[in-house]
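Here the structure comes first, spelled out in structure tokens, and everything after it is commentary.
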Amino acid sequence: MSFLSHQPRLHGPALLLCSALASAAFLLMGVPAGMLLGCMLAGVLLATQDMNVQVPAPLFAIGQSVIACLMAHSLHFEVLQRVAGEWPLFLGIAFSVMAASALLGYWLMRSGLLPGSTAIWGLAPGAASAMVLMAGDFGADTRLVAFMQYLRVAMVTAIASLVAHFATGVAASPEHVAPGWDVQLAHWLHIQSPLHAGLTLVLVLVAAWLGRILTFPGGPLLIPMVLALAMDNLSPWKLELPGPLLALAYAALGWGIGLRFNREILEHAWRVLPRVLIAIFALIVLGLLIAGSLMFFAGVAPLTAYLATSPGGADSVAVSAVGSAVDAGFVMAMQMMRFFMVLLLGPRLSRWLVQRLTSRSAA
């Protein structure tokens, strides 16, 4: 890498090669959002070797817009109706997990090891990519938020996968064998409706432009999400995100986050790692306790209860639920309810906790 650091023309190709290798490794291991993590890891590696590579701001905005559309695509009327029909249960559980994450974040803030609202956003139990993107708009260090979010997702996903495997006793039967690379590649490149894919691309570009010119906190994520929800649920056209567009978004976001790292921030992350692990473990235990209460008081099946209350991202938990004997509608409704609660209350909560800590320190 020392040779490459003095060859600016090779920085771009080196980033592409490292990203491809890391993404392939994560995808082969079945890691959710493996391409995003692979590109982020490659960006971190190059950034810590003093390689100067930048992601153009419009490309990063397009990546944000695609992620917002991807999340909006999981919100169907069936999920919304499920939440409306059992709103006290969903609201109570979502609030419990969010309150616990906020208290643990406040505990980390009081240690003085993490700046501003970084600890709050780092533990916020929503979709990891969305939390990282929003955190920067509210004064948090997106690098440390990304470190905390993806560490939590990795731990929660690993546990959820093991629980799903042992709870269902799924054996390696032919129907559970992963398809070959040719099948996966064909599925990745397949476009069901060129019209819908084209309209989705137009929506992504318009929303990315609006998100950049309408500068308000969370706008680059919320604007495309609102537009995508309207298109997918209120119009005759449906969102369709082709594989190459998703790959571009994951790469832009992964590089945009990873290239901001440096040796100092990695050393800082290493210093706060023990406390972060304690906080993540406490969130996982809380999820287990809430799952137990759902089993005993609401009659929810054990695996369904665990996946619904798991403090991972909605996308990663959905991957664990696929093919398992669970109530997928209940799981997604619970996860998305919590995600929207974080979107609505997270900014206000983070500001209030930072002000409270500041006033307490000044007293």
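Here, A, B, ... name the chains of the structure tokens in the order displayed, residue numbers run from 1 inside each chain, and ligands are numbered from 1 in the same displayed order.
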Report task. Please provide as a list in words all residues within 12 Å of Arg348 in chain A, with the sequence filter that same-chain residues fewer than 2 positions apart are discarded (counting only C-alpha atoms). Result -> Ala102, Ser117, Ile120, Trp121, Phe138, Pro217, Met341, Val342, Leu343, Leu344, Leu345, Gly346, Ser350, Arg351, Trp352, Leu353, Val354 and Gln355 of chain A
Report task. For Asn262 in chain A, list every protein, DNA or RNA residue within 7 Å, evaluated using only C-alpha atoms, and leave out those in the same chain fewer than 4 positions away; present the list as an MDAnalysis selection string. Result -> chainID A and resid 47:48 266
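Atom to atom, CA of Leu210 in chain A and CA of Leu241 in chain A stand 19.4 Å apart.
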Report task. Point out the residue among A:Gly254, A:Pro125, A:Gly243, A:Pro194 with the least atom-to-atom distance to Ala99 in chain A, counting only C-alpha atoms. Result ->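 That would be A:Pro125, the residue with the smallest distance to Ala99 in chain A.
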Report task. Mind checking which residues fall within 9 Å of range 221-234 of chain A, counting only C-alpha atoms, ignoring those fewer than 4 positions away in the same chain, and posting them as an NGL selection string? Result -> :A and (61 or 64-73 or 75-77 or 130 or 133-134 or 200 or 203-204 or 206-208 or 210-211 or 238-239 or 343)
Query - helix (DSSP H, G or I) call set, DSSP backbone run, range 222-330 of chain A, as a ChimeraX atom specification - result: /A:222-234,243-258,263-298,302-309,314-321,328-330
Query - d(CA of Val276 in chain A, CA of Leu104 in chain A) in Å - result: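 Taking CA of Val276 in chain A as the start and CA of Leu104 in chain A as the end point, the length is 9.3 Å.
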Report task. Find, counting only C-alpha atoms, the residue in A:Leu144, A:Ala94, A:Ala333, A:Leu151 that gets nearest to Ile290 in chain A. Result -> A:Ala94
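Non-sequential neighbours of Cys18 in chain A (distance at most 9 Å, separation of 2 or more positions within a chain, only C-alpha atoms) are Pro13, Ala14, Leu15, Leu16, Ala20, Leu21, Ala22, Ser23, Gly38, Cys39, Leu41, Ala42, Gly43, Leu45 and Leu46 of chain A.
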Store the residues picked out above, limited to C-alpha atoms, as a CSV table (one decimal), in the first residue's frame.
```csv
chain,number,residue,atom,x,y,z
A,13,PRO,CA,-8.5,1.1,-9.4
A,14,ALA,CA,-7.2,0.0,-6.0
A,15,LEU,CA,-10.4,1.0,-4.4
A,16,LEU,CA,-12.5,-0.9,-7.0
A,20,ALA,CA,-14.9,-6.2,-5.2
A,21,LEU,CA,-12.9,-8.7,-3.2
A,22,ALA,CA,-14.3,-7.6,0.2
A,23,SER,CA,-17.9,-7.5,-1.1
A,38,GLY,CA,-17.3,-4.5,1.6
A,39,CYS,CA,-17.0,-1.1,-0.1
A,41,LEU,CA,-14.1,-1.7,4.5
A,42,ALA,CA,-12.2,-1.0,1.3
A,43,GLY,CA,-12.7,2.7,1.8
A,45,LEU,CA,-8.3,0.5,4.2
A,46,LEU,CA,-7.4,3.0,1.6
```
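Among the candidate residues A:Glu240, A:Arg275, A:Gly63, A:Arg82, the one lying nearest to Met148 in chain A is A:Arg275, with distances computed using only C-alpha atoms.
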Requested in this report: Please provide the set of residues having any atom within 12 Å of Trp87 in chain A, restricted to only C-alpha atoms, with same-chain residues fewer than 4 positions apart removed, written as a ChimeraX atom specification.
Outcome: /A:79-83,91-95,330,333-334,337-338
Would you export the selected residues with N, CA and C atoms as a tab-separated table (two decimals), in the first residue's frame, please?
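result.tsv was written with the following content:
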```
chain	number	residue	atom	x	y	z
A	79	VAL	N	-48.73	-4.36	5.94
A	79	VAL	CA	-47.94	-4.07	7.14
A	79	VAL	C	-48.55	-2.91	7.91
A	80	LEU	N	-48.94	-1.86	7.19
A	80	LEU	CA	-49.53	-0.69	7.84
A	80	LEU	C	-50.86	-1.04	8.52
A	81	GLN	N	-51.65	-1.90	7.87
A	81	GLN	CA	-52.92	-2.32	8.47
A	81	GLN	C	-52.69	-3.14	9.72
A	82	ARG	N	-51.64	-3.95	9.71
A	82	ARG	CA	-51.31	-4.77	10.89
A	82	ARG	C	-50.97	-3.88	12.08
A	83	VAL	N	-50.19	-2.84	11.81
A	83	VAL	CA	-49.82	-1.90	12.87
A	83	VAL	C	-51.06	-1.16	13.39
A	91	LEU	N	-46.72	-0.07	19.47
A	91	LEU	CA	-46.18	1.18	20.00
A	91	LEU	C	-45.42	0.95	21.31
A	92	GLY	N	-45.98	0.13	22.19
A	92	GLY	CA	-45.35	-0.12	23.47
A	92	GLY	C	-44.00	-0.79	23.34
A	93	ILE	N	-43.92	-1.80	22.47
A	93	ILE	CA	-42.65	-2.53	22.30
A	93	ILE	C	-41.63	-1.65	21.60
A	94	ALA	N	-42.05	-0.94	20.56
A	94	ALA	CA	-41.12	-0.06	19.85
A	94	ALA	C	-40.57	1.01	20.79
A	95	PHE	N	-41.44	1.58	21.62
A	95	PHE	CA	-40.99	2.61	22.56
A	95	PHE	C	-40.03	2.03	23.59
A	330	PHE	N	-45.89	-9.97	10.98
A	330	PHE	CA	-45.74	-9.44	12.34
A	330	PHE	C	-44.32	-8.93	12.56
A	333	ALA	N	-43.79	-5.70	10.53
A	333	ALA	CA	-44.58	-4.60	11.09
A	333	ALA	C	-43.92	-4.05	12.35
A	334	MET	N	-43.45	-4.93	13.22
A	334	MET	CA	-42.80	-4.49	14.45
A	334	MET	C	-41.49	-3.74	14.15
A	337	MET	N	-42.28	-0.30	12.50
A	337	MET	CA	-42.85	0.63	13.49
A	337	MET	C	-41.73	1.27	14.30
A	338	ARG	N	-40.78	0.46	14.71
A	338	ARG	CA	-39.66	0.98	15.50
A	338	ARG	C	-38.79	1.91	14.66
```
